[in-house]
>>> print(open('work.txt').read())   # compact mmCIF, C-alpha atoms and all ligand atoms
# COMPACT_ATOMS: atom_id res chain seq x y z
CA MET E 1 -30.91 40.02 80.18
CA ARG E 2 -32.71 41.26 77.04
CA PHE E 3 -33.34 44.96 76.66
CA VAL E 4 -36.83 44.37 75.25
CA ASP E 5 -37.81 42.81 78.60
CA LEU E 6 -37.03 46.11 80.33
CA ILE E 7 -39.17 48.02 77.84
CA GLU E 8 -42.08 45.61 78.28
CA LYS E 9 -41.82 45.75 82.06
CA LYS E 10 -42.00 49.53 82.08
CA ARG E 11 -44.76 49.49 79.46
CA ASP E 12 -46.72 47.28 81.89
CA ARG E 13 -46.11 49.73 84.78
CA MET E 14 -43.68 47.52 86.68
CA ALA E 15 -40.61 48.78 88.51
CA LEU E 16 -37.15 48.04 87.09
CA THR E 17 -34.59 46.52 89.42
CA LYS E 18 -31.24 48.15 90.24
CA GLU E 19 -29.51 45.47 88.13
CA GLU E 20 -31.76 46.20 85.15
CA ILE E 21 -31.07 49.92 85.36
CA LEU E 22 -27.31 49.30 85.61
CA PHE E 23 -27.53 46.99 82.59
CA TRP E 24 -29.38 49.72 80.62
CA ILE E 25 -26.90 52.51 81.36
CA ASP E 26 -23.78 50.39 81.09
CA HIS E 27 -24.70 48.84 77.74
CA TYR E 28 -26.06 52.09 76.31
CA VAL E 29 -22.86 54.02 77.10
CA LYS E 30 -20.84 51.24 75.48
CA GLY E 31 -23.00 51.52 72.33
CA GLU E 32 -24.43 48.03 72.80
CA VAL E 33 -28.10 49.06 72.87
CA PRO E 34 -29.59 50.96 69.91
CA ASP E 35 -31.17 54.40 70.32
CA TYR E 36 -34.58 53.11 69.18
CA GLN E 37 -34.83 50.69 72.10
CA VAL E 38 -33.69 53.30 74.62
CA SER E 39 -36.18 55.84 73.16
CA SER E 40 -38.94 53.33 73.67
CA LEU E 41 -37.95 52.76 77.29
CA LEU E 42 -37.68 56.53 77.88
CA MET E 43 -41.20 57.08 76.52
CA ALA E 44 -42.52 54.32 78.77
CA ILE E 45 -40.88 56.14 81.71
CA VAL E 46 -42.45 59.46 80.64
CA LEU E 47 -45.86 57.77 80.59
CA ASN E 48 -45.59 55.41 83.56
CA GLY E 49 -42.99 57.08 85.82
CA MET E 50 -40.38 55.61 88.13
CA ASN E 51 -40.50 55.10 91.90
CA ALA E 52 -37.96 56.58 94.32
CA GLU E 53 -35.73 53.45 94.34
CA GLU E 54 -35.61 53.33 90.55
CA THR E 55 -34.77 57.06 90.38
CA VAL E 56 -31.90 56.61 92.86
CA ALA E 57 -30.60 53.57 90.96
CA LEU E 58 -30.70 55.53 87.69
CA THR E 59 -28.89 58.48 89.26
CA MET E 60 -26.15 56.20 90.66
CA ALA E 61 -25.72 54.32 87.40
CA MET E 62 -25.41 57.59 85.46
CA MET E 63 -23.05 59.17 88.03
CA ASN E 64 -20.74 56.15 87.85
CA SER E 65 -20.66 56.18 84.02
CA GLY E 66 -17.72 58.64 84.11
CA ASP E 67 -15.40 60.61 86.40
CA VAL E 68 -16.49 61.17 89.99
CA PHE E 69 -14.57 64.06 91.49
CA ASP E 70 -12.90 63.88 94.85
CA LEU E 71 -12.70 67.34 96.42
CA SER E 72 -11.41 66.11 99.78
CA ARG E 73 -8.18 68.10 99.33
CA ILE E 74 -10.24 71.29 99.62
CA GLN E 75 -10.55 72.27 103.26
CA GLY E 76 -14.00 72.97 104.67
CA ILE E 77 -17.52 72.26 103.48
CA LYS E 78 -17.85 72.66 99.72
CA VAL E 79 -21.18 74.15 98.63
CA ASP E 80 -22.61 74.05 95.13
CA LYS E 81 -25.68 75.61 93.59
CA HIS E 82 -27.65 74.56 90.56
CA SER E 83 -30.37 76.40 88.70
CA THR E 84 -32.72 74.42 86.51
CA GLY E 85 -32.24 77.15 83.92
CA GLY E 86 -33.82 80.44 83.19
CA VAL E 87 -33.63 83.68 81.26
CA GLY E 88 -31.34 86.38 82.64
CA ASP E 89 -30.13 84.00 85.35
CA LYS E 90 -26.71 85.33 86.33
CA THR E 91 -27.09 84.16 89.95
CA SER E 92 -23.81 82.20 90.14
CA LEU E 93 -21.77 85.28 89.16
CA VAL E 94 -22.90 87.08 92.31
CA LEU E 95 -23.65 84.20 94.66
CA GLY E 96 -20.21 82.60 94.21
CA PRO E 97 -18.18 85.69 95.23
CA MET E 98 -20.63 86.64 98.02
CA VAL E 99 -20.62 83.29 99.78
CA ALA E 100 -16.87 82.88 99.21
CA ALA E 101 -16.30 86.34 100.75
CA ALA E 102 -18.34 85.13 103.73
CA GLY E 103 -16.00 82.14 104.10
CA ALA E 104 -17.66 79.31 102.15
CA LYS E 105 -15.87 77.14 99.59
CA VAL E 106 -17.38 77.05 96.11
CA ALA E 107 -15.88 74.54 93.66
CA LYS E 108 -18.21 74.72 90.73
CA MET E 109 -18.68 73.12 87.34
CA SER E 110 -21.01 75.01 85.06
CA GLY E 111 -22.49 74.56 81.64
CA ARG E 112 -22.93 76.55 78.48
CA GLY E 113 -26.20 77.96 77.23
CA LEU E 114 -28.45 76.36 74.66
CA GLY E 115 -31.70 77.70 73.20
CA HIS E 116 -33.44 80.40 75.23
CA THR E 117 -31.40 79.81 78.41
CA GLY E 118 -27.91 81.23 78.94
CA GLY E 119 -24.95 79.49 80.57
CA THR E 120 -22.66 80.73 83.32
CA ILE E 121 -19.54 79.80 81.36
CA ASP E 122 -20.57 81.88 78.33
CA LYS E 123 -21.26 84.84 80.59
CA LEU E 124 -17.85 84.59 82.29
CA GLU E 125 -16.08 84.19 78.96
CA SER E 126 -17.36 87.62 77.93
CA ILE E 127 -14.69 88.98 80.32
CA PRO E 128 -11.56 89.30 78.13
CA GLY E 129 -9.02 86.54 78.87
CA PHE E 130 -11.26 84.58 81.25
CA HIS E 131 -10.92 80.85 80.77
CA VAL E 132 -12.42 77.76 82.36
CA GLU E 133 -9.71 75.24 81.51
CA LEU E 134 -8.03 74.52 84.86
CA THR E 135 -6.25 71.32 85.73
CA GLU E 136 -7.57 69.46 88.78
CA GLU E 137 -4.50 70.71 90.70
CA GLN E 138 -5.14 74.35 89.74
CA PHE E 139 -8.84 74.03 90.51
CA ILE E 140 -8.22 72.67 94.01
CA LYS E 141 -5.46 75.20 94.73
CA GLN E 142 -7.66 78.11 93.63
CA VAL E 143 -10.59 77.04 95.81
CA ASN E 144 -8.26 76.57 98.79
CA GLU E 145 -6.70 80.02 98.24
CA ILE E 146 -9.62 82.24 97.25
CA GLY E 147 -12.65 80.11 98.01
CA LEU E 148 -14.07 80.09 94.48
CA ALA E 149 -13.38 78.48 91.11
CA ILE E 150 -15.74 77.80 88.21
CA ILE E 151 -14.78 75.40 85.45
CA GLY E 152 -16.55 73.93 82.43
CA GLN E 153 -18.12 70.53 82.75
CA SER E 154 -15.52 67.84 82.09
CA ALA E 155 -16.19 65.72 79.00
CA GLN E 156 -15.89 62.72 81.27
CA LEU E 157 -18.55 63.91 83.72
CA VAL E 158 -21.60 61.64 83.39
CA PRO E 159 -21.18 60.59 79.73
CA ALA E 160 -24.44 58.63 80.09
CA ASP E 161 -26.31 61.91 80.52
CA LYS E 162 -24.76 63.45 77.42
CA LYS E 163 -25.97 60.54 75.32
CA LEU E 164 -29.35 60.21 76.99
CA TYR E 165 -30.09 63.93 77.03
CA ALA E 166 -29.36 64.24 73.30
CA LEU E 167 -31.78 61.37 72.69
CA ARG E 168 -34.45 62.77 75.02
CA ASP E 169 -34.22 66.12 73.28
CA VAL E 170 -35.29 64.65 69.92
CA THR E 171 -37.77 62.02 71.14
CA GLY E 172 -40.11 64.16 73.25
CA THR E 173 -38.88 62.52 76.46
CA VAL E 174 -37.43 65.47 78.39
CA PRO E 175 -40.37 66.30 80.70
CA ALA E 176 -40.39 63.41 83.18
CA ILE E 177 -39.46 64.15 86.77
CA PRO E 178 -37.40 60.94 87.37
CA LEU E 179 -35.43 61.63 84.18
CA ILE E 180 -34.79 65.31 84.94
CA ALA E 181 -33.97 64.62 88.60
CA SER E 182 -31.49 61.83 87.79
CA SER E 183 -29.92 63.88 84.98
CA ILE E 184 -29.30 66.90 87.20
CA MET E 185 -28.37 65.04 90.38
CA SER E 186 -25.97 62.59 88.70
CA LYS E 187 -23.92 65.60 87.53
CA LYS E 188 -24.12 67.44 90.84
CA LEU E 189 -23.09 64.34 92.82
CA ALA E 190 -20.22 63.51 90.43
CA ALA E 191 -18.95 67.11 90.75
CA GLY E 192 -18.16 66.32 94.38
CA SER E 193 -19.52 69.10 96.64
CA ASP E 194 -20.71 68.31 100.16
CA ALA E 195 -23.83 70.48 100.01
CA ILE E 196 -26.10 71.38 97.12
CA LEU E 197 -28.64 74.17 96.75
CA LEU E 198 -31.10 73.74 93.89
CA ASP E 199 -32.90 76.72 92.42
CA VAL E 200 -35.88 75.08 90.75
CA LYS E 201 -37.63 77.50 88.41
CA TYR E 202 -41.25 77.41 87.29
CA GLY E 203 -43.17 79.42 84.73
CA ASP E 204 -42.94 80.47 81.13
CA GLY E 205 -39.15 80.35 80.79
CA ALA E 206 -38.69 77.10 82.78
CA PHE E 207 -38.98 73.32 82.36
CA MET E 208 -41.70 73.17 84.99
CA GLN E 209 -44.74 75.29 84.22
CA THR E 210 -46.31 75.39 87.71
CA PRO E 211 -44.89 75.78 91.25
CA GLN E 212 -46.48 72.44 92.18
CA ARG E 213 -44.51 70.59 89.47
CA ALA E 214 -41.36 72.46 90.50
CA ILE E 215 -41.88 71.32 94.10
CA GLU E 216 -42.33 67.72 92.93
CA LEU E 217 -39.05 67.91 91.00
CA ALA E 218 -37.26 69.57 93.92
CA LYS E 219 -38.47 66.89 96.35
CA ALA E 220 -37.23 64.13 94.04
CA MET E 221 -33.79 65.77 93.83
CA ILE E 222 -33.59 66.50 97.58
CA SER E 223 -34.37 62.88 98.35
CA ILE E 224 -31.61 61.68 96.00
CA GLY E 225 -29.04 64.19 97.37
CA ASN E 226 -29.80 63.61 101.04
CA GLY E 227 -29.89 59.85 100.41
CA MET E 228 -26.31 60.15 99.16
CA GLY E 229 -25.23 62.01 102.29
CA ARG E 230 -25.10 65.45 100.64
CA ASN E 231 -26.99 68.19 102.42
CA THR E 232 -29.48 69.19 99.68
CA ARG E 233 -31.96 72.06 99.80
CA ALA E 234 -34.07 73.90 97.25
CA ILE E 235 -35.61 77.23 96.43
CA ILE E 236 -38.68 77.28 94.18
CA SER E 237 -38.57 80.51 92.18
CA ASP E 238 -40.64 82.26 89.56
CA MET E 239 -39.44 82.40 85.95
CA ASN E 240 -42.56 84.02 84.49
CA GLU E 241 -40.46 87.08 83.73
CA PRO E 242 -36.68 87.28 83.24
CA LEU E 243 -34.56 87.50 86.37
CA GLY E 244 -33.16 91.01 86.83
CA ASN E 245 -33.06 93.26 83.77
CA ALA E 246 -30.20 92.08 81.57
CA ILE E 247 -30.27 89.16 79.09
CA GLY E 248 -27.02 88.61 77.17
CA ASN E 249 -23.52 87.77 78.25
CA ALA E 250 -21.51 90.98 78.84
CA LEU E 251 -24.75 92.77 79.77
CA GLU E 252 -25.36 90.17 82.49
CA VAL E 253 -21.78 90.46 83.74
CA LYS E 254 -22.32 94.23 84.05
CA GLU E 255 -25.54 93.63 85.99
CA ALA E 256 -23.74 91.13 88.24
CA ILE E 257 -21.03 93.74 88.93
CA ASP E 258 -23.70 96.36 89.78
CA THR E 259 -25.27 93.85 92.16
CA LEU E 260 -21.92 93.16 93.84
CA HIS E 261 -21.71 96.95 94.36
CA GLY E 262 -25.16 96.89 95.99
CA GLU E 263 -26.84 98.49 92.97
CA GLY E 264 -28.50 95.48 91.35
CA PRO E 265 -32.15 94.98 90.39
CA GLU E 266 -34.43 94.33 93.35
CA ASP E 267 -35.68 90.87 92.32
CA PHE E 268 -32.23 89.55 91.47
CA THR E 269 -30.67 90.93 94.68
CA ALA E 270 -33.46 89.34 96.73
CA LEU E 271 -32.94 85.92 95.13
CA VAL E 272 -29.18 86.05 95.65
CA LEU E 273 -29.64 86.90 99.34
CA GLU E 274 -32.12 84.07 99.91
CA ALA E 275 -29.97 81.53 98.09
CA GLY E 276 -26.76 82.73 99.75
CA ALA E 277 -28.35 82.54 103.20
CA ILE E 278 -29.19 78.87 102.67
CA MET E 279 -25.69 78.12 101.35
CA LEU E 280 -24.02 79.77 104.37
CA GLN E 281 -26.15 77.63 106.68
CA GLN E 282 -25.29 74.51 104.66
CA ALA E 283 -21.60 75.47 104.96
CA LYS E 284 -22.12 75.89 108.76
CA ILE E 285 -20.88 79.48 108.57
CA ALA E 286 -24.13 80.90 109.97
CA ASP E 287 -26.65 79.10 112.15
CA THR E 288 -29.68 81.26 111.35
CA GLU E 289 -31.09 82.85 108.23
CA GLU E 290 -30.88 86.33 109.82
CA LYS E 291 -27.19 85.95 110.67
CA ALA E 292 -26.45 84.60 107.19
CA LYS E 293 -28.25 87.48 105.48
CA SER E 294 -26.55 90.09 107.61
CA LEU E 295 -23.15 88.52 106.85
CA LEU E 296 -23.95 88.54 103.12
CA ARG E 297 -25.09 92.17 103.21
CA SER E 298 -21.82 93.09 104.92
CA THR E 299 -19.82 91.49 102.06
CA ILE E 300 -21.56 93.91 99.68
CA GLU E 301 -21.25 96.95 101.95
CA ASP E 302 -17.54 96.50 102.74
CA GLY E 303 -16.69 95.64 99.10
CA SER E 304 -15.32 92.19 99.96
CA ALA E 305 -17.74 90.35 97.63
CA PHE E 306 -16.70 92.53 94.70
CA GLU E 307 -12.99 92.10 95.57
CA LYS E 308 -13.55 88.33 95.70
CA PHE E 309 -15.03 88.50 92.20
CA VAL E 310 -11.96 90.43 91.00
CA ALA E 311 -9.60 87.89 92.58
CA PHE E 312 -11.54 85.02 91.00
CA VAL E 313 -11.54 86.64 87.55
CA LYS E 314 -7.78 87.33 87.79
CA ALA E 315 -7.04 83.79 88.94
CA GLN E 316 -8.78 82.45 85.81
CA GLY E 317 -6.90 84.76 83.43
CA GLY E 318 -9.56 87.46 83.13
CA ASP E 319 -8.93 91.17 82.74
CA ALA E 320 -9.49 92.72 86.19
CA ASP E 321 -9.58 96.23 84.65
CA ALA E 322 -12.63 95.29 82.63
CA VAL E 323 -14.34 94.24 85.85
CA ARG E 324 -13.35 97.41 87.70
CA GLN E 325 -14.40 99.52 84.71
CA PRO E 326 -17.24 97.54 83.11
CA GLU E 327 -17.52 100.05 80.24
CA LYS E 328 -14.44 98.19 78.95
CA LEU E 329 -16.48 95.00 78.51
CA ALA E 330 -17.79 94.22 75.02
CA SER E 331 -20.54 96.57 73.92
CA ALA E 332 -22.79 96.40 70.88
CA ARG E 333 -22.60 98.86 67.97
CA PHE E 334 -26.20 100.00 68.36
CA VAL E 335 -28.67 100.47 71.20
CA THR E 336 -32.30 100.81 70.07
CA GLU E 337 -35.19 101.46 72.44
CA LEU E 338 -38.47 99.58 72.04
CA VAL E 339 -41.14 102.03 73.20
CA ALA E 340 -44.68 101.53 74.50
CA LYS E 341 -47.44 102.23 71.96
CA GLU E 342 -50.02 102.56 74.72
CA GLU E 343 -50.18 103.44 78.39
CA GLY E 344 -51.07 101.07 81.21
CA TYR E 345 -49.33 98.54 83.40
CA ILE E 346 -47.09 95.61 82.50
CA ARG E 347 -49.10 92.49 83.19
CA SER E 348 -46.63 89.91 81.92
CA ILE E 349 -43.31 89.56 80.11
CA LYS E 350 -42.78 86.28 78.30
CA ALA E 351 -39.40 85.12 79.53
CA MET E 352 -38.99 82.29 77.04
CA ASP E 353 -39.75 84.58 74.06
CA LEU E 354 -37.25 87.20 75.27
CA GLY E 355 -34.64 84.48 75.72
CA THR E 356 -35.24 83.24 72.18
CA LEU E 357 -35.21 86.75 70.70
CA ALA E 358 -31.94 87.54 72.52
CA MET E 359 -30.53 84.29 71.13
CA GLU E 360 -31.50 85.43 67.63
CA LEU E 361 -29.52 88.65 68.18
CA GLY E 362 -26.48 86.43 68.80
CA ALA E 363 -26.55 86.26 72.62
CA GLY E 364 -27.20 82.51 72.62
CA ARG E 365 -26.94 79.33 70.59
CA ALA E 366 -29.62 77.66 68.50
CA THR E 367 -27.25 74.70 68.02
CA LYS E 368 -24.19 73.63 70.01
CA GLU E 369 -21.90 74.82 67.20
CA ASP E 370 -23.14 78.45 67.11
CA VAL E 371 -20.72 81.17 68.19
CA ILE E 372 -21.93 83.68 70.76
CA ASN E 373 -21.61 87.44 70.41
CA PRO E 374 -20.85 88.57 73.98
CA ALA E 375 -21.93 92.18 73.41
CA VAL E 376 -25.54 91.82 72.28
CA GLY E 377 -28.75 91.31 74.23
CA LEU E 378 -31.66 93.01 75.94
CA VAL E 379 -32.01 95.22 79.01
CA LEU E 380 -35.50 95.54 80.44
CA ASN E 381 -36.56 99.02 81.49
CA LYS E 382 -39.93 97.87 82.79
CA LYS E 383 -40.88 94.83 84.85
CA VAL E 384 -44.20 93.21 85.71
CA GLY E 385 -46.48 95.51 87.75
CA GLN E 386 -44.83 98.76 86.65
CA LYS E 387 -46.66 101.71 85.11
CA VAL E 388 -45.96 102.55 81.49
CA GLU E 389 -46.60 105.89 79.76
CA LEU E 390 -46.90 106.22 76.00
CA ASN E 391 -43.39 106.15 74.40
CA ASP E 392 -41.66 104.90 77.57
CA SER E 393 -38.84 102.50 76.73
CA LEU E 394 -39.82 98.92 77.58
CA VAL E 395 -36.47 97.42 76.68
CA SER E 396 -33.10 98.56 75.30
CA ILE E 397 -31.92 96.38 72.43
CA HIS E 398 -28.12 96.02 72.17
CA HIS E 399 -27.37 94.83 68.65
CA ASP E 400 -24.70 94.72 65.96
CA LEU E 401 -26.93 94.03 62.94
CA PRO E 402 -30.07 95.78 61.65
CA LEU E 403 -33.33 94.64 63.31
CA SER E 404 -36.16 93.26 61.18
CA SER E 405 -39.69 94.53 61.72
CA LYS E 406 -40.83 90.92 62.29
CA TRP E 407 -38.30 90.54 65.12
CA LEU E 408 -39.38 93.90 66.62
CA ASP E 409 -43.07 92.91 66.42
CA GLU E 410 -42.29 89.66 68.22
CA LEU E 411 -40.38 91.56 70.89
CA TYR E 412 -43.30 93.93 71.41
CA ALA E 413 -45.69 90.98 71.64
CA SER E 414 -43.64 89.60 74.56
CA PHE E 415 -44.99 92.44 76.73
CA GLU E 416 -48.61 92.38 77.83
CA ILE E 417 -49.85 95.85 78.82
CA THR E 418 -53.24 96.22 80.53
CA ARG E 419 -55.31 99.07 81.98
CA GLU E 420 -55.38 97.59 85.49
CA GLN E 421 -52.29 97.08 87.56
CA ALA E 422 -51.42 93.38 87.79
CA LYS E 423 -50.34 91.86 91.06
CA ARG E 424 -46.73 90.77 90.88
CA GLN E 425 -46.09 87.19 92.00
CA ALA E 426 -43.64 86.59 94.80
CA LEU E 427 -40.24 85.71 93.31
CA ILE E 428 -39.70 82.91 95.80
CA TYR E 429 -42.61 80.52 96.09
CA ALA E 430 -41.11 78.13 98.62
CA LYS E 431 -37.91 76.99 100.32
CA LEU E 432 -37.47 73.29 100.96
N1 LIG E 501 -31.27 69.99 83.01
C1 LIG E 501 -30.57 68.84 82.98
O1 LIG E 501 -29.36 68.85 83.23
N2 LIG E 501 -31.22 67.70 82.68
C2 LIG E 501 -32.53 67.65 82.41
O2 LIG E 501 -33.05 66.59 82.17
C3 LIG E 501 -33.26 68.85 82.44
C4 LIG E 501 -32.60 70.00 82.76
>>> encode(input="work.txt", output="structure tokens")
Amino acid sequence: MRFVDLIEKKRDRMALTKEEILFWIDHYVKGEVPDYQVSSLLMAIVLNGMNAEETVALTMAMMNSGDVFDLSRIQGIKVDKHSTGGVGDKTSLVLGPMVAAAGAKVAKMSGRGLGHTGGTIDKLESIPGFHVELTEEQFIKQVNEIGLAIIGQSAQLVPADKKLYALRDVTGTVPAIPLIASSIMSKKLAAGSDAILLDVKYGDGAFMQTPQRAIELAKAMISIGNGMGRNTRAIISDMNEPLGNAIGNALEVKEAIDTLHGEGPEDFTALVLEAGAIMLQQAKIADTEEKAKSLLRSTIEDGSAFEKFVAFVKAQGGDADAVRQPEKLASARFVTELVAKEEGYIRSIKAMDLGTLAMELGAGRATKEDVINPAVGLVLNKKVGQKVELNDSLVSIHHDLPLSSKWLDELYASFEITREQAKRQALIYAKL
């Protein structure tokens, strides 16, 4: 088989066979096909697409390029959740303890943040002592004992995706549904859970700009997951403004703790309840949405979700005192308020810009090598649809270094204030 034949086939809108896709991934991982040929094939896929069989074959080939985890020593149905990435998305920090307190088993591998999106691991590591390096034995034991463990993605998990994603990133070949679906699902399937809930975001801060594109991506991933015998469902949710109020690692942990105490932002709490209700049904702990939601609310009211979070943090070496008294978590040297220069209503908040500006404060990474400052970030004081008076604080800036006027102007420009009250979009567009 010659690689150029695969490129020409895809250029001419033909489908690749399973054998051809296996040949591609196998030889690319071994370093036997040059990047320029793979880039050319990727661009042909961006332009001409892939059918369902090709997408499944690509997912399988990528999944089998590295370790495939066997979680069969964990009793019960293992549920996993994946978000396609957003700004202020601390969902796993609350969802994990809530569904584990309700009896589900969550054995999760998470990633680090890059660019405007944060990563669950970075957020957790802002708790002093918390670490994600568990052996397989420790990981399985912890999930059996407390129902929840979160570890970093193993270097051996889907090595094909690491190589391909790095190439896609610099060749303009990220936005193709078959490529995104196979990239995400190969990692989720290799991580070994029985059931998967996908939170597919759309809007300014997301990969998919419209709900329709997000639905298309979700359907492609559901078909791969269900085809592999894993119960796969999806929520389509809005990322046109940040989720909740906090953006930045320790700030997001504090907001997650507030939410576990029943005092979280309304939008974030609503998303966690919807997602958790699906996961409890997937885990066969509740047979209706109403029962699942009532069970989840009871884990907040009786404190069991928060206690589960404390047990999880302790089990992974974290300082439980800092979780019980969040004022002990890292805090920035300065807090500066950005105030409204006019009155009106918030029409929009550009999530991607806020994510990038928070990254520039030190809350995220521009490159993989950057070191995160856990203390810094942004806390929104106004959300879309809310009234603003002159000099009201729009956002509290938690920072360690002086702020430039250019940075402050850009932050102000992320908020659109209008005379008329804008209608706020529903946070959840669809459940599939
Ligand atoms: N997230 C992934 O893991 N892969 C993609 O291709 C896009 C988002």
>>> closest_atom_pairs(input="work.txt", of="chain E", to="ligand LIG 501 (chain E)", cutoff="6 Å", atoms="only C-alpha atoms and all ligand atoms", output="Markdown table")
| residue | atom | partner | partner_atom | distance |
| --- | --- | --- | --- | --- |
| E:Thr84 | CA | E:LIG501 | C4 | 5.8 |
| E:Val174 | CA | E:LIG501 | O2 | 5.9 |
| E:Leu179 | CA | E:LIG501 | O2 | 5.9 |
| E:Ile180 | CA | E:LIG501 | O2 | 3.5 |
| E:Ser183 | CA | E:LIG501 | N2 | 4.6 |
| E:Ile184 | CA | E:LIG501 | O1 | 4.4 |
>>> write_last_selection(input="work.txt", atoms="C-alpha atoms", output="PDB file, keeping the file's coordinate frame")
ATOM      1  CA  THR E  84     -32.720  74.420  86.510  1.00  0.00           C
ATOM      2  CA  VAL E 174     -37.430  65.470  78.390  1.00  0.00           C
ATOM      3  CA  LEU E 179     -35.430  61.630  84.180  1.00  0.00           C
ATOM      4  CA  ILE E 180     -34.790  65.310  84.940  1.00  0.00           C
ATOM      5  CA  SER E 183     -29.920  63.880  84.980  1.00  0.00           C
ATOM      6  CA  ILE E 184     -29.300  66.900  87.200  1.00  0.00           C
TER       7      ILE E 184
END
>>> residues_near_point(input="work.txt", point="(-6.5, 84.9, 88.6)", cutoff="12 Å", atoms="only C-alpha atoms", output="compact mmCIF listing (two decimals) with C-alpha atoms, in the frame of the given file")
# COMPACT_ATOMS: atom_id res chain seq x y z
CA GLY E 129 -9.02 86.54 78.87
CA PHE E 130 -11.26 84.58 81.25
CA HIS E 131 -10.92 80.85 80.77
CA VAL E 132 -12.42 77.76 82.36
CA LEU E 134 -8.03 74.52 84.86
CA GLN E 138 -5.14 74.35 89.74
CA PHE E 139 -8.84 74.03 90.51
CA LYS E 141 -5.46 75.20 94.73
CA GLN E 142 -7.66 78.11 93.63
CA VAL E 143 -10.59 77.04 95.81
CA GLU E 145 -6.70 80.02 98.24
CA ILE E 146 -9.62 82.24 97.25
CA LEU E 148 -14.07 80.09 94.48
CA ALA E 149 -13.38 78.48 91.11
CA ILE E 150 -15.74 77.80 88.21
CA GLU E 307 -12.99 92.10 95.57
CA LYS E 308 -13.55 88.33 95.70
CA PHE E 309 -15.03 88.50 92.20
CA VAL E 310 -11.96 90.43 91.00
CA ALA E 311 -9.60 87.89 92.58
CA PHE E 312 -11.54 85.02 91.00
CA VAL E 313 -11.54 86.64 87.55
CA LYS E 314 -7.78 87.33 87.79
CA ALA E 315 -7.04 83.79 88.94
CA GLN E 316 -8.78 82.45 85.81
CA GLY E 317 -6.90 84.76 83.43
CA GLY E 318 -9.56 87.46 83.13
CA ASP E 319 -8.93 91.17 82.74
CA ALA E 320 -9.49 92.72 86.19
>>> residues_near_point(input="work.txt", point="(-22.4, 79.5, 95.2)", cutoff="10 Å", atoms="only C-alpha atoms", output="PyMOL selection string")
chain E and resi 78-82+91-100+104-108+148-150+196-197+272+275-276+279-280
>>> closest_residue(input="work.txt", among="E:Ile397, E:Leu296, E:Leu42, E:Ala283", to="Phe334 of chain E", atoms="only C-alpha atoms")
E:Ile397
>>> closest_residue(input="work.txt", among="E:Lys328, E:Arg419, E:Lys382, E:Arg333", to="Ile349 of chain E", atoms="only C-alpha atoms")
E:Lys382
>>> residues_around(input="work.txt", residues="Asn245 of chain E", least_positions_apart="2", cutoff="9 Å", atoms="all atoms listed in the file", output="mmCIF file with C-alpha atoms, in the coordinates of the input")
data_model
loop_
_atom_site.group_PDB
_atom_site.id
_atom_site.type_symbol
_atom_site.label_atom_id
_atom_site.label_comp_id
_atom_site.auth_asym_id
_atom_site.auth_seq_id
_atom_site.Cartn_x
_atom_site.Cartn_y
_atom_site.Cartn_z
ATOM 1 C CA GLY E 88 -31.340 86.380 82.640
ATOM 2 C CA PRO E 242 -36.680 87.280 83.240
ATOM 3 C CA LEU E 243 -34.560 87.500 86.370
ATOM 4 C CA ILE E 247 -30.270 89.160 79.090
ATOM 5 C CA GLU E 252 -25.360 90.170 82.490
ATOM 6 C CA GLU E 255 -25.540 93.630 85.990
ATOM 7 C CA PRO E 265 -32.150 94.980 90.390
ATOM 8 C CA PHE E 268 -32.230 89.550 91.470
ATOM 9 C CA LEU E 378 -31.660 93.010 75.940
ATOM 10 C CA VAL E 379 -32.010 95.220 79.010
ATOM 11 C CA LEU E 380 -35.500 95.540 80.440
ATOM 12 C CA ASN E 381 -36.560 99.020 81.490
ATOM 13 C CA LYS E 382 -39.930 97.870 82.790
ATOM 14 C CA LYS E 383 -40.880 94.830 84.850
ATOM 15 C CA VAL E 395 -36.470 97.420 76.680
#
>>> atom_distance(input="work.txt", atom1="atom CA of Gly362 of chain E", atom2="atom CA of Ala340 of chain E")
24.3 Å
>>> residues_around(input="work.txt", residues="Arg365 of chain E", least_positions_apart="4", cutoff="12 Å", atoms="all atoms listed in the file", output="list in words")
Arg112, Gly113, Leu114, Gly115, His116, Thr117, Gly118, Gly119, Asp122, Gly248, Asn249, Gly355, Thr356, Leu357, Ala358, Met359, Glu360, Leu361, Glu369, Asp370, Val371, Ile372, Asn373 and Pro374 of chain E
>>> residues_around(input="work.txt", residues="segment 16-21 of chain E", least_positions_apart="3", cutoff="7 Å", atoms="all atoms listed in the file", output="list in words")
Trp24, Ile25, Glu54, Ala57 and Leu58 of chain E
>>> build_atoms(input="work.txt", residues="segment 95-99 of chain E", atoms="N, CA and C atoms", output="PDB file, in the coordinates of the input")
ATOM      1  N   LEU E  95     -23.581  85.096  93.507  1.00  0.00           N
ATOM      2  CA  LEU E  95     -23.650  84.200  94.660  1.00  0.00           C
ATOM      3  C   LEU E  95     -22.269  83.624  95.009  1.00  0.00           C
ATOM      4  N   GLY E  96     -21.535  83.194  93.990  1.00  0.00           N
ATOM      5  CA  GLY E  96     -20.210  82.600  94.210  1.00  0.00           C
ATOM      6  C   GLY E  96     -19.315  83.537  95.010  1.00  0.00           C
ATOM      7  N   PRO E  97     -19.052  84.763  94.495  1.00  0.00           N
ATOM      8  CA  PRO E  97     -18.180  85.690  95.230  1.00  0.00           C
ATOM      9  C   PRO E  97     -18.732  86.074  96.606  1.00  0.00           C
ATOM     10  N   MET E  98     -20.071  86.231  96.718  1.00  0.00           N
ATOM     11  CA  MET E  98     -20.630  86.640  98.020  1.00  0.00           C
ATOM     12  C   MET E  98     -20.410  85.569  99.080  1.00  0.00           C
ATOM     13  N   VAL E  99     -20.762  84.328  98.746  1.00  0.00           N
ATOM     14  CA  VAL E  99     -20.620  83.290  99.780  1.00  0.00           C
ATOM     15  C   VAL E  99     -19.151  82.962 100.035  1.00  0.00           C
TER      16      VAL E  99
END
